[in-house]
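The structure appears below as structure tokens.
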Amino acid sequence: MLTIEERNVGRARAAGIARAIGAGALWLATTDADSRVPPHWLRWQLDHARGGADLVAGTVEVGDWSGWAGPLPSRYERRYRGLVAGARHGHIHGANLGFSAFAYAAAGGFPELRHDEDRGLVARVRATGGRVVTDAGCPVRTSARPDGRAPNGFAAHLLALAAEG
């Protein structure tokens, strides 16, 4: 177990990845504490890696909307799914990322950001010529909690959507 007190998701993810790479990891996968990955999640990522992917970005699905009233669940689903075209999509979630240690190092790792570190890493991998694959075929189930720790994270997104109504 690794415990840090950074209050910075970019630094926290980078610390965990550094430890894994130091232990010899060649492929790394990230998710969130309030998310659950499907049983075949790593196999799905490694299938993409064998196909030439340097980074795999998957989607998320909300596991439980019971804390939200009104039209938020349908509004969220309509907009989220509207951006998913076939198996390819434009979503980036730290809750559903996988990447090679080589691509991660070449890209300079996660940027030390309090939010959007996941998007930052994907942009860095692309900027170094890495092959990024987006695939909606293996979603990670995540929480719809309204009290997220990352500013501008998933909880903030849900709160903004709820405020539109």
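By order in the structure tokens, chains are A, B, ...; within a chain, residues start at 1; ligands start at 1, following the order shown.
Non-sequential neighbours of stretch 122-134 of chain A (distance at most 9 Å, separation of 5 or more positions within a chain, only C-alpha atoms) are His48, Gly52, Ala53, Asp54, Leu55, Val56, Ala57, Gly58, Thr59, Ala87, Arg88, His89, Gly90, His91, Ile92, Phe99, Ala103, Tyr104, Ala106, Ala107, Gly108, Gly109, Phe110, Pro111 and Glu117 of chain A.
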Selection from above, N, CA, C and O atoms, as a short mmCIF file (atom, residue, chain, number, x, y, z; two decimals), in the first residue's frame, can you write it?
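This is the output file part-v3.cif:
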```cif
data_model
loop_
_atom_site.label_atom_id
_atom_site.label_comp_id
_atom_site.auth_asym_id
_atom_site.auth_seq_id
_atom_site.Cartn_x
_atom_site.Cartn_y
_atom_site.Cartn_z
N HIS A 48 -5.88 -4.70 -26.53
CA HIS A 48 -5.56 -3.49 -27.28
C HIS A 48 -4.06 -3.26 -27.35
O HIS A 48 -3.53 -2.85 -28.39
N GLY A 52 -1.27 -2.94 -30.63
CA GLY A 52 -0.46 -1.76 -30.91
C GLY A 52 -0.80 -0.51 -30.12
O GLY A 52 -0.19 0.53 -30.31
N ALA A 53 -1.76 -0.58 -29.22
CA ALA A 53 -2.13 0.59 -28.42
C ALA A 53 -1.05 0.90 -27.38
O ALA A 53 -0.54 -0.01 -26.73
N ASP A 54 -0.74 2.16 -27.24
CA ASP A 54 0.14 2.62 -26.17
C ASP A 54 -0.67 3.06 -24.96
O ASP A 54 -0.19 3.01 -23.83
N LEU A 55 -1.89 3.51 -25.22
CA LEU A 55 -2.80 3.95 -24.16
C LEU A 55 -4.22 3.59 -24.58
O LEU A 55 -4.58 3.77 -25.74
N VAL A 56 -4.99 3.08 -23.63
CA VAL A 56 -6.39 2.74 -23.86
C VAL A 56 -7.25 3.59 -22.94
O VAL A 56 -7.02 3.61 -21.73
N ALA A 57 -8.22 4.28 -23.53
CA ALA A 57 -9.15 5.10 -22.75
C ALA A 57 -10.55 4.53 -22.91
O ALA A 57 -11.07 4.44 -24.02
N GLY A 58 -11.12 4.10 -21.79
CA GLY A 58 -12.46 3.54 -21.80
C GLY A 58 -13.48 4.50 -21.22
O GLY A 58 -13.14 5.61 -20.80
N THR A 59 -14.70 4.05 -21.16
CA THR A 59 -15.80 4.87 -20.66
C THR A 59 -16.18 4.44 -19.24
O THR A 59 -15.64 3.49 -18.69
N ALA A 87 -17.73 2.20 -31.13
CA ALA A 87 -16.78 1.80 -30.08
C ALA A 87 -15.85 2.95 -29.73
O ALA A 87 -15.23 2.95 -28.70
N ARG A 88 -15.73 3.94 -30.61
CA ARG A 88 -14.84 5.07 -30.35
C ARG A 88 -15.61 6.16 -29.62
O ARG A 88 -16.80 6.31 -29.78
N HIS A 89 -14.93 6.94 -28.82
CA HIS A 89 -15.57 7.97 -28.03
C HIS A 89 -14.58 9.07 -27.73
O HIS A 89 -13.38 8.93 -27.95
N GLY A 90 -15.05 10.17 -27.17
CA GLY A 90 -14.19 11.28 -26.82
C GLY A 90 -13.98 11.45 -25.33
O GLY A 90 -13.43 12.45 -24.90
N HIS A 91 -14.41 10.49 -24.55
CA HIS A 91 -14.32 10.60 -23.09
C HIS A 91 -12.96 10.15 -22.59
O HIS A 91 -12.39 9.19 -23.09
N ILE A 92 -12.49 10.84 -21.56
CA ILE A 92 -11.25 10.45 -20.88
C ILE A 92 -11.57 10.42 -19.39
O ILE A 92 -12.04 11.41 -18.83
N PHE A 99 -2.10 1.95 -19.93
CA PHE A 99 -1.02 2.45 -20.79
C PHE A 99 0.26 1.69 -20.52
O PHE A 99 0.46 1.12 -19.45
N ALA A 103 5.30 4.24 -22.92
CA ALA A 103 4.58 5.42 -23.39
C ALA A 103 4.43 6.44 -22.27
O ALA A 103 4.55 7.66 -22.48
N TYR A 104 4.18 5.95 -21.06
CA TYR A 104 4.03 6.83 -19.90
C TYR A 104 5.33 7.61 -19.66
O TYR A 104 5.31 8.83 -19.49
N ALA A 106 7.84 8.12 -21.80
CA ALA A 106 8.13 8.98 -22.94
C ALA A 106 7.31 10.27 -22.90
O ALA A 106 7.77 11.33 -23.33
N ALA A 107 6.09 10.18 -22.34
CA ALA A 107 5.19 11.33 -22.27
C ALA A 107 5.47 12.21 -21.05
O ALA A 107 4.88 13.27 -20.90
N GLY A 108 6.33 11.77 -20.17
CA GLY A 108 6.61 12.56 -18.97
C GLY A 108 5.65 12.30 -17.84
O GLY A 108 5.64 13.04 -16.85
N GLY A 109 4.83 11.27 -17.95
CA GLY A 109 3.94 10.89 -16.86
C GLY A 109 2.72 11.78 -16.72
O GLY A 109 2.43 12.63 -17.56
N PHE A 110 2.02 11.56 -15.61
CA PHE A 110 0.85 12.39 -15.30
C PHE A 110 1.31 13.80 -14.97
O PHE A 110 2.24 13.98 -14.18
N PRO A 111 0.65 14.81 -15.52
CA PRO A 111 0.97 16.17 -15.09
C PRO A 111 0.50 16.39 -13.65
O PRO A 111 -0.48 15.78 -13.22
N GLU A 117 -5.79 15.48 -14.87
CA GLU A 117 -4.51 14.81 -15.05
C GLU A 117 -4.63 13.69 -16.08
O GLU A 117 -3.70 13.41 -16.83
#
```
Can you pull out every residue from chain A that DSSP, working from the backbone, puts in alpha helix (DSSP H), and format the result as JSON, numbers by chain? {"A": [9, 10, 11, 12, 13, 14, 15, 16, 17, 18, 19, 20, 21, 22, 41, 42, 43, 44, 45, 46, 47, 48, 49, 50, 72, 73, 74, 75, 76, 77, 78, 79, 80, 81, 82, 101, 102, 103, 104, 105, 106, 107, 117, 118, 119, 120, 121, 122, 123, 124, 125, 126, 127, 154, 155, 156, 157, 158, 159, 160, 161, 162, 163, 164]}
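Comparing A:Gly120, A:Gly67, A:Gly10, A:Gly22 by their smallest distance to A:Pro146, the closest is A:Gly67 (using only C-alpha atoms).
Summary of the local environment: counting only C-alpha atoms, residues at most 12 Å from A:Trp65, other than itself and those fewer than 2 positions away along its chain, are Glu61, Val62, Gly63, Gly67, Trp68, Ala69, Gly70, Pro71, Leu72, Pro73, Ser74, Tyr76, Glu77, Arg141, Thr142, Ser143, Ala144, Arg145, Pro146 and Leu158 of chain A.
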Store the residues picked out above in a file with N, CA, C and O atoms, as a CSV table (one decimal), in the first residue's frame.
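Dumped to again.csv:
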```csv
chain,number,residue,atom,x,y,z
A,61,GLU,N,-19.8,4.0,-16.5
A,61,GLU,CA,-21.3,4.0,-16.4
A,61,GLU,C,-21.6,4.2,-14.9
A,61,GLU,O,-20.8,3.7,-14.1
A,62,VAL,N,-22.7,4.9,-14.7
A,62,VAL,CA,-23.0,5.1,-13.3
A,62,VAL,C,-23.7,3.9,-12.7
A,62,VAL,O,-24.7,3.4,-13.3
A,63,GLY,N,-23.3,3.5,-11.5
A,63,GLY,CA,-23.9,2.3,-10.9
A,63,GLY,C,-25.1,2.5,-10.2
A,63,GLY,O,-26.0,1.6,-10.1
A,67,GLY,N,-29.2,8.7,-5.3
A,67,GLY,CA,-28.9,10.0,-4.6
A,67,GLY,C,-29.4,11.2,-5.4
A,67,GLY,O,-29.3,12.3,-4.9
A,68,TRP,N,-29.9,11.0,-6.6
A,68,TRP,CA,-30.2,12.1,-7.4
A,68,TRP,C,-31.7,12.1,-7.8
A,68,TRP,O,-32.2,11.1,-8.2
A,69,ALA,N,-32.4,13.2,-7.7
A,69,ALA,CA,-33.8,13.2,-8.1
A,69,ALA,C,-33.9,13.9,-9.4
A,69,ALA,O,-32.9,14.6,-9.9
A,70,GLY,N,-35.0,13.8,-10.0
A,70,GLY,CA,-35.3,14.5,-11.2
A,70,GLY,C,-34.7,14.0,-12.5
A,70,GLY,O,-34.4,12.8,-12.5
A,71,PRO,N,-34.5,14.8,-13.4
A,71,PRO,CA,-34.1,14.4,-14.8
A,71,PRO,C,-32.6,14.1,-14.9
A,71,PRO,O,-32.1,13.8,-16.0
A,72,LEU,N,-31.8,14.3,-13.9
A,72,LEU,CA,-30.3,14.2,-14.1
A,72,LEU,C,-29.9,12.9,-14.7
A,72,LEU,O,-29.1,12.9,-15.7
A,73,PRO,N,-30.3,11.7,-14.2
A,73,PRO,CA,-29.8,10.5,-14.8
A,73,PRO,C,-30.1,10.4,-16.4
A,73,PRO,O,-29.2,10.1,-17.1
A,74,SER,N,-31.3,10.7,-16.8
A,74,SER,CA,-31.6,10.7,-18.2
A,74,SER,C,-30.8,11.8,-19.0
A,74,SER,O,-30.4,11.5,-20.1
A,76,TYR,N,-27.9,13.0,-18.2
A,76,TYR,CA,-26.5,12.6,-18.2
A,76,TYR,C,-26.3,11.5,-19.3
A,76,TYR,O,-25.5,11.6,-20.1
A,77,GLU,N,-27.2,10.5,-19.2
A,77,GLU,CA,-27.1,9.4,-20.2
A,77,GLU,C,-27.2,9.8,-21.6
A,77,GLU,O,-26.5,9.4,-22.5
A,141,ARG,N,-17.8,0.8,-13.8
A,141,ARG,CA,-19.0,1.3,-13.1
A,141,ARG,C,-18.5,2.2,-12.0
A,141,ARG,O,-17.6,1.9,-11.2
A,142,THR,N,-19.0,3.4,-12.0
A,142,THR,CA,-18.6,4.4,-11.1
A,142,THR,C,-19.7,5.0,-10.3
A,142,THR,O,-20.9,4.8,-10.6
A,143,SER,N,-19.3,5.7,-9.2
A,143,SER,CA,-20.3,6.3,-8.3
A,143,SER,C,-20.8,7.7,-8.8
A,143,SER,O,-20.1,8.4,-9.5
A,144,ALA,N,-22.0,7.9,-8.5
A,144,ALA,CA,-22.7,9.2,-8.8
A,144,ALA,C,-22.7,10.1,-7.6
A,144,ALA,O,-23.5,11.0,-7.5
A,145,ARG,N,-21.7,10.0,-6.7
A,145,ARG,CA,-21.7,10.8,-5.5
A,145,ARG,C,-21.5,12.3,-5.9
A,145,ARG,O,-20.7,12.6,-6.8
A,146,PRO,N,-22.2,13.2,-5.2
A,146,PRO,CA,-22.1,14.6,-5.4
A,146,PRO,C,-20.9,15.3,-4.7
A,146,PRO,O,-20.7,16.5,-5.0
A,158,LEU,N,-21.5,16.3,-12.6
A,158,LEU,CA,-22.9,15.9,-12.3
A,158,LEU,C,-23.6,17.0,-11.6
A,158,LEU,O,-24.8,17.3,-11.9
```
Apply DSSP to the backbone of this structure and, from stretch 5-153 of chain A, keep only the residues in strand (DSSP E or B); write these as a VMD selection string. chain A and resid 27 to 30 35 to 36 55 to 57 60 to 62 84 to 85 88 to 89 97 to 100 132 to 134 140 to 142
What's around stretch 30-34 of chain A at 8 Å? Count only C-alpha atoms, leave out sequence neighbours fewer than 4 positions away in its own chain, and write the answer as a VMD selection string. chain A and resid 94 to 98 142 to 143
With N, CA, C and O atoms retained, export the selected residues as an mmCIF file, in the first residue's frame.
```cif
data_model
loop_
_atom_site.group_PDB
_atom_site.id
_atom_site.type_symbol
_atom_site.label_atom_id
_atom_site.label_comp_id
_atom_site.auth_asym_id
_atom_site.auth_seq_id
_atom_site.Cartn_x
_atom_site.Cartn_y
_atom_site.Cartn_z
ATOM 1 N N GLY A 94 -9.839 8.958 -15.648
ATOM 2 C CA GLY A 94 -8.808 8.258 -14.895
ATOM 3 C C GLY A 94 -9.319 6.949 -14.323
ATOM 4 O O GLY A 94 -8.546 6.058 -14.001
ATOM 5 N N ALA A 95 -10.633 6.810 -14.242
ATOM 6 C CA ALA A 95 -11.246 5.584 -13.737
ATOM 7 C C ALA A 95 -11.171 4.441 -14.742
ATOM 8 O O ALA A 95 -11.447 3.300 -14.397
ATOM 9 N N ASN A 96 -10.777 4.728 -15.993
ATOM 10 C CA ASN A 96 -10.708 3.684 -17.012
ATOM 11 C C ASN A 96 -9.601 3.994 -18.015
ATOM 12 O O ASN A 96 -9.855 4.302 -19.174
ATOM 13 N N LEU A 97 -8.369 3.917 -17.540
ATOM 14 C CA LEU A 97 -7.196 4.127 -18.393
ATOM 15 C C LEU A 97 -6.227 2.965 -18.251
ATOM 16 O O LEU A 97 -6.083 2.401 -17.175
ATOM 17 N N GLY A 98 -5.533 2.656 -19.325
ATOM 18 C CA GLY A 98 -4.436 1.706 -19.298
ATOM 19 C C GLY A 98 -3.375 2.182 -20.263
ATOM 20 O O GLY A 98 -3.693 2.774 -21.297
ATOM 21 N N THR A 142 -19.043 3.420 -12.001
ATOM 22 C CA THR A 142 -18.563 4.430 -11.068
ATOM 23 C C THR A 142 -19.694 5.028 -10.250
ATOM 24 O O THR A 142 -20.864 4.846 -10.559
ATOM 25 N N SER A 143 -19.314 5.734 -9.236
ATOM 26 C CA SER A 143 -20.253 6.340 -8.294
ATOM 27 C C SER A 143 -20.804 7.655 -8.844
ATOM 28 O O SER A 143 -20.101 8.403 -9.522
#
```
Find the residues near A:Arg43: any atom within 12 Å, counting only C-alpha atoms, skip ones fewer than 5 places away on the same chain, and give them as a PyMOL selection string. chain A and resi 27+29+37-38+48-50+56+98+138
Saved selection, atoms kept: C-alpha atoms, as a PDB file, in the first residue's frame:
```pdb
ATOM      1  CA  TRP A  27       1.425  -2.150 -18.459  1.00  0.00           C
ATOM      2  CA  ALA A  29      -4.070   0.591 -15.373  1.00  0.00           C
ATOM      3  CA  VAL A  37     -13.902  -2.604 -13.004  1.00  0.00           C
ATOM      4  CA  PRO A  38     -15.399  -5.609 -14.798  1.00  0.00           C
ATOM      5  CA  HIS A  48      -5.561  -3.487 -27.278  1.00  0.00           C
ATOM      6  CA  ALA A  49      -1.901  -3.345 -26.246  1.00  0.00           C
ATOM      7  CA  ARG A  50      -1.167  -6.473 -28.298  1.00  0.00           C
ATOM      8  CA  VAL A  56      -6.392   2.739 -23.864  1.00  0.00           C
ATOM      9  CA  GLY A  98      -4.436   1.706 -19.298  1.00  0.00           C
ATOM     10  CA  CYS A 138     -15.603  -2.238 -21.401  1.00  0.00           C
TER      11      CYS A 138
END
```
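Of note, atom CA of A:Asn152 and atom CA of A:Leu113 are spaced 11.2 Å apart.
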Go through A:Ser100, A:Gln45, A:Ser35, A:Asn8 and flag the residue nearest A:Arg114, using only C-alpha atoms for the distances. A:Asn8
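Between atom CA of A:Asp64 and atom CA of A:Val140 there is a distance of 12.8 Å.
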What's the separation between atom CA of A:Leu42 and atom CA of A:Pro139, in Å to one decimal place? 11.8 Å
